Amino acid sequence: MLNKQPLICFLDRGSLPSHIQFPPLKMDFDWEEYDSTDHEKIIDRAINAQVVISTKVQLTAKVLSELKNLKLVVLASTGTNQIDLDYCKKNNIAVANIRDYAVNSVPEHVLGLMIMLKRSLYNFHNSVIENSWFSDGTKCSIQFPMSDLSGSTLGIIGNGSIGRSLAKLSSSLGMNVIVSERKGLSKCRPGYHPFNYMISKSDIISLHCPLNKETENLISRSEFSLMKENAILINTSRGGIVNENDLIFALKNKEIAGAGLDVFESEPMTQDSPLFINRNLDNLILTPHVAWGSDTALHNLSAQIISNIDSFYSGLFTNRCDI
């Protein structure tokens, strides 16, 4: 029997901290939420739902075809690679995502990764823990290289709201910012630079583009060979944009100086992942896909989830990505 009130099913509420609460909806709904949902449980849990909310749960065409009552999917993310958008477009299922909610959270996380790598903070931290920082008899020993952000060149791939926010933040610290044109394009838009030029001239490269057919393995062997030996790669976007085997090769062979990653090809990371196997490299910083998760950003996100639902039932098209 169908619910008397429309049902909202949040498949992975556990992706948000429990202290992040949702504002009230304008309409009366029944609300069901689960910390996480394995693939084989999606249909059983969402079979009666008019609205499904997903952060990372994969919604394939096969799964969606079984959800006969489904009218709206709200993605609790900006990226849309966890849902079959083509199926939704063909079958009149609305899809809305979250936009511009982490324009401070992600750039500040990027900045933190930059500083950790440019100042060798991980290595200096370990030297204190191991009590080896004055082992040569000096009171102040610069055991590891340190360089300034000021005067460095930052290359940005992806000039959306987060890329632009990072550019503004970095410029305020005295960094020179280069925004990359799309790979392979012969003509550049005003304010953009050729892809290979950006790759070869940047001291730090930060990725802020979506994962799609054009950007999968965007950074791989040929790109690493063009980078400066002192270059640092930062990825807080999507894992598949960087070829992880090629990255490890570049790090081990000192083709680049370091990398800071918040996203991975497989999440959670598998034990056979090249990143997991090489997780103790001193020029590799890994964080578990949390760049988006400051409290301010999460409050923005929760408010947008509710706003997207209210807008849909009011006949509006807020944040729709299926049209």
# chains A, B, ... in the order shown; residues from 1 in each chain; ligands from 1
call {"tool": "residues_around", "arguments": {"residues": "segment 298-307 of chain A", "least_positions_apart": "2", "cutoff": "7 Å", "atoms": "only C-alpha atoms", "output": "MDAnalysis selection string"}}
result
chainID A and resid 20 22:23 25 74 76 98 101 293:296 309:311
call {"tool": "residues_around", "arguments": {"residues": "Phe195 of chain A", "least_positions_apart": "6", "cutoff": "9 Å", "atoms": "only C-alpha atoms", "output": "list in words"}}
result
Ile157, Val179, Ser180, Glu181, Arg182, Lys183, Gly184 and Leu185 of chain A
call {"tool": "residues_around", "arguments": {"residues": "Gly258 of chain A", "least_positions_apart": "6", "cutoff": "6 Å", "atoms": "only C-alpha atoms", "output": "PyMOL selection string"}}
result
chain A and resi 232+283-284
call {"tool": "residues_around", "arguments": {"residues": "segment 211-219 of chain A", "least_positions_apart": "5", "cutoff": "9 Å", "atoms": "only C-alpha atoms", "output": "mmCIF file with C-alpha atoms, in the first residue's frame"}}
result
data_model
loop_
_atom_site.group_PDB
_atom_site.id
_atom_site.type_symbol
_atom_site.label_atom_id
_atom_site.label_comp_id
_atom_site.auth_asym_id
_atom_site.auth_seq_id
_atom_site.Cartn_x
_atom_site.Cartn_y
_atom_site.Cartn_z
ATOM 1 C CA GLY A 79 28.461 16.028 -9.422
ATOM 2 C CA THR A 80 25.919 13.866 -11.254
ATOM 3 C CA ASN A 81 27.966 10.778 -12.075
ATOM 4 C CA LYS A 183 42.269 20.050 -23.431
ATOM 5 C CA PHE A 224 53.020 14.422 -15.904
ATOM 6 C CA SER A 237 37.035 17.156 -7.877
ATOM 7 C CA ARG A 238 36.563 13.523 -8.961
ATOM 8 C CA GLY A 239 38.958 10.598 -8.737
ATOM 9 C CA GLY A 240 38.804 9.320 -12.308
ATOM 10 C CA ILE A 241 40.186 12.584 -13.670
ATOM 11 C CA VAL A 242 43.701 11.540 -12.598
ATOM 12 C CA ASN A 243 45.238 8.231 -13.667
ATOM 13 C CA GLU A 244 46.331 6.906 -10.292
ATOM 14 C CA ASP A 246 50.595 7.258 -13.617
ATOM 15 C CA LEU A 247 50.478 9.588 -10.610
#
call {"tool": "residues_around", "arguments": {"residues": "segment 111-125 of chain A", "least_positions_apart": "5", "cutoff": "6 Å", "atoms": "only C-alpha atoms", "output": "list in words"}}
result
Met146, Ser147 and Gly260 of chain A
call {"tool": "atom_distance", "arguments": {"atom1": "atom CA of Lys4 of chain A", "atom2": "atom CA of Ile93 of chain A"}}
result
21.0 Å
call {"tool": "residues_around", "arguments": {"residues": "Val103 of chain A", "least_positions_apart": "5", "cutoff": "12 Å", "atoms": "only C-alpha atoms", "output": "list in words"}}
result
Thr78, Ile98, Glu108, His109, Val110, Asn159, Gly160, Ser161, Ile162, Gly163, Arg164, Ser165, Leu166, Ala167, Lys168, Leu169, His208, Ala291, Trp292, Gly293, Ser294, Thr296, Ala297, Leu298, Asn300 and Leu301 of chain A
call {"tool": "write_last_selection", "arguments": {"atoms": "N, CA, C and O atoms", "output": "mmCIF file, in the first residue's frame"}}
result
data_model
loop_
_atom_site.group_PDB
_atom_site.id
_atom_site.type_symbol
_atom_site.label_atom_id
_atom_site.label_comp_id
_atom_site.auth_asym_id
_atom_site.auth_seq_id
_atom_site.Cartn_x
_atom_site.Cartn_y
_atom_site.Cartn_z
ATOM 1 N N THR A 78 27.209 18.253 -6.110
ATOM 2 C CA THR A 78 27.195 18.976 -7.381
ATOM 3 C C THR A 78 27.363 18.009 -8.550
ATOM 4 O O THR A 78 26.703 18.136 -9.580
ATOM 5 N N ILE A 98 23.030 20.081 -6.122
ATOM 6 C CA ILE A 98 23.355 21.158 -5.186
ATOM 7 C C ILE A 98 24.464 22.009 -5.787
ATOM 8 O O ILE A 98 25.450 21.466 -6.296
ATOM 9 N N GLU A 108 39.398 26.375 0.516
ATOM 10 C CA GLU A 108 40.208 26.401 1.732
ATOM 11 C C GLU A 108 40.881 25.052 1.975
ATOM 12 O O GLU A 108 42.012 24.983 2.466
ATOM 13 N N HIS A 109 40.208 23.973 1.635
ATOM 14 C CA HIS A 109 40.825 22.644 1.740
ATOM 15 C C HIS A 109 41.992 22.528 0.758
ATOM 16 O O HIS A 109 43.053 21.996 1.102
ATOM 17 N N VAL A 110 41.781 23.030 -0.460
ATOM 18 C CA VAL A 110 42.859 23.042 -1.460
ATOM 19 C C VAL A 110 44.056 23.820 -0.920
ATOM 20 O O VAL A 110 45.209 23.372 -1.033
ATOM 21 N N ASN A 159 36.654 26.294 -14.382
ATOM 22 C CA ASN A 159 36.476 27.690 -13.961
ATOM 23 C C ASN A 159 35.042 27.968 -13.521
ATOM 24 O O ASN A 159 34.475 29.006 -13.829
ATOM 25 N N GLY A 160 34.470 27.006 -12.789
ATOM 26 C CA GLY A 160 33.158 27.231 -12.208
ATOM 27 C C GLY A 160 33.277 28.039 -10.923
ATOM 28 O O GLY A 160 34.294 28.694 -10.662
ATOM 29 N N SER A 161 32.249 27.969 -10.096
ATOM 30 C CA SER A 161 32.228 28.802 -8.883
ATOM 31 C C SER A 161 33.376 28.456 -7.938
ATOM 32 O O SER A 161 33.978 29.352 -7.328
ATOM 33 N N ILE A 162 33.726 27.182 -7.819
ATOM 34 C CA ILE A 162 34.812 26.798 -6.917
ATOM 35 C C ILE A 162 36.156 27.205 -7.501
ATOM 36 O O ILE A 162 37.022 27.726 -6.793
ATOM 37 N N GLY A 163 36.341 26.979 -8.801
ATOM 38 C CA GLY A 163 37.583 27.403 -9.443
ATOM 39 C C GLY A 163 37.804 28.897 -9.327
ATOM 40 O O GLY A 163 38.918 29.355 -9.038
ATOM 41 N N ARG A 164 36.740 29.669 -9.528
ATOM 42 C CA ARG A 164 36.854 31.132 -9.429
ATOM 43 C C ARG A 164 37.132 31.570 -7.992
ATOM 44 O O ARG A 164 37.901 32.504 -7.760
ATOM 45 N N SER A 165 36.496 30.900 -7.031
ATOM 46 C CA SER A 165 36.743 31.226 -5.630
ATOM 47 C C SER A 165 38.188 30.921 -5.247
ATOM 48 O O SER A 165 38.825 31.700 -4.531
ATOM 49 N N LEU A 166 38.710 29.780 -5.738
ATOM 50 C CA LEU A 166 40.109 29.450 -5.463
ATOM 51 C C LEU A 166 41.038 30.478 -6.090
ATOM 52 O O LEU A 166 42.042 30.873 -5.475
ATOM 53 N N ALA A 167 40.724 30.919 -7.303
ATOM 54 C CA ALA A 167 41.557 31.921 -7.967
ATOM 55 C C ALA A 167 41.609 33.210 -7.150
ATOM 56 O O ALA A 167 42.680 33.817 -6.973
ATOM 57 N N LYS A 168 40.470 33.627 -6.620
ATOM 58 C CA LYS A 168 40.413 34.849 -5.810
ATOM 59 C C LYS A 168 41.220 34.682 -4.526
ATOM 60 O O LYS A 168 42.008 35.570 -4.150
ATOM 61 N N LEU A 169 41.044 33.545 -3.863
ATOM 62 C CA LEU A 169 41.766 33.286 -2.618
ATOM 63 C C LEU A 169 43.269 33.234 -2.859
ATOM 64 O O LEU A 169 44.060 33.826 -2.111
ATOM 65 N N HIS A 208 39.162 21.193 -10.858
ATOM 66 C CA HIS A 208 37.810 21.553 -10.416
ATOM 67 C C HIS A 208 36.800 21.352 -11.532
ATOM 68 O O HIS A 208 35.864 22.138 -11.692
ATOM 69 N N ALA A 291 36.571 17.622 1.378
ATOM 70 C CA ALA A 291 36.828 19.040 1.094
ATOM 71 C C ALA A 291 35.546 19.858 1.097
ATOM 72 O O ALA A 291 35.564 21.049 1.426
ATOM 73 N N TRP A 292 34.444 19.240 0.736
ATOM 74 C CA TRP A 292 33.153 19.913 0.633
ATOM 75 C C TRP A 292 32.451 20.079 1.981
ATOM 76 O O TRP A 292 31.411 20.718 2.060
ATOM 77 N N GLY A 293 33.029 19.500 3.076
ATOM 78 C CA GLY A 293 32.246 19.255 4.264
ATOM 79 C C GLY A 293 32.409 20.182 5.450
ATOM 80 O O GLY A 293 32.192 19.742 6.580
ATOM 81 N N SER A 294 32.751 21.450 5.250
ATOM 82 C CA SER A 294 32.738 22.361 6.400
ATOM 83 C C SER A 294 31.299 22.518 6.897
ATOM 84 O O SER A 294 30.335 22.313 6.146
ATOM 85 N N THR A 296 29.596 25.152 7.532
ATOM 86 C CA THR A 296 28.874 26.161 6.752
ATOM 87 C C THR A 296 28.395 25.578 5.437
ATOM 88 O O THR A 296 27.238 25.779 5.024
ATOM 89 N N ALA A 297 29.260 24.832 4.755
ATOM 90 C CA ALA A 297 28.895 24.226 3.480
ATOM 91 C C ALA A 297 27.762 23.214 3.661
ATOM 92 O O ALA A 297 26.827 23.151 2.844
ATOM 93 N N LEU A 298 27.825 22.420 4.723
ATOM 94 C CA LEU A 298 26.807 21.394 4.938
ATOM 95 C C LEU A 298 25.448 21.998 5.289
ATOM 96 O O LEU A 298 24.402 21.468 4.895
ATOM 97 N N ASN A 300 24.483 24.865 4.093
ATOM 98 C CA ASN A 300 24.034 25.317 2.775
ATOM 99 C C ASN A 300 23.449 24.159 1.975
ATOM 100 O O ASN A 300 22.421 24.292 1.300
ATOM 101 N N LEU A 301 24.121 23.020 2.040
ATOM 102 C CA LEU A 301 23.682 21.841 1.288
ATOM 103 C C LEU A 301 22.316 21.361 1.770
ATOM 104 O O LEU A 301 21.417 21.090 0.960
#
call {"tool": "select_by_dssp", "arguments": {"residues": "segment 68-248 of chain A", "states": "alpha helix (DSSP H)", "output": "PyMOL selection string"}}
result
chain A and resi 85-90+105-118+121-129+161-172+195-201+221-226+244-248
call {"tool": "closest_residue", "arguments": {"among": "A:Val57, A:Leu261, A:Met227, A:Val52", "to": "Ser36 of chain A", "atoms": "only C-alpha atoms"}}
result
A:Val57
call {"tool": "residues_around", "arguments": {"residues": "segment 271-274 of chain A", "least_positions_apart": "2", "cutoff": "12 Å", "atoms": "only C-alpha atoms", "output": "list in words"}}
result
Gly239, Asn243, Glu244, Asn245, Asp246, Leu247, Ile248, Phe249, Leu251, Lys252, Phe264, Glu265, Ser266, Glu267, Pro268, Met269, Phe276, Ile277, Asn278, Arg279, Asn280, Leu281 and Leu284 of chain A
call {"tool": "atom_distance", "arguments": {"atom1": "atom CA of Ser222 of chain A", "atom2": "atom CA of Asn253 of chain A"}}
result
14.4 Å
call {"tool": "closest_residue", "arguments": {"among": "A:Asp322, A:Glu40, A:Glu229, A:Asp148", "to": "Leu85 of chain A", "atoms": "only C-alpha atoms"}}
result
A:Asp322
call {"tool": "atom_distance", "arguments": {"atom1": "atom CA of Ile42 of chain A", "atom2": "atom CA of Cys209 of chain A"}}
result
28.7 Å
call {"tool": "closest_residue", "arguments": {"among": "A:Ile199, A:Ala257, A:Leu59, A:Ile53", "to": "His39 of chain A", "atoms": "only C-alpha atoms"}}
result
A:Leu59
call {"tool": "closest_residue", "arguments": {"among": "A:Ile43, A:Leu72, A:Pro24, A:Ile156", "to": "Pro6 of chain A", "atoms": "only C-alpha atoms"}}
result
A:Leu72
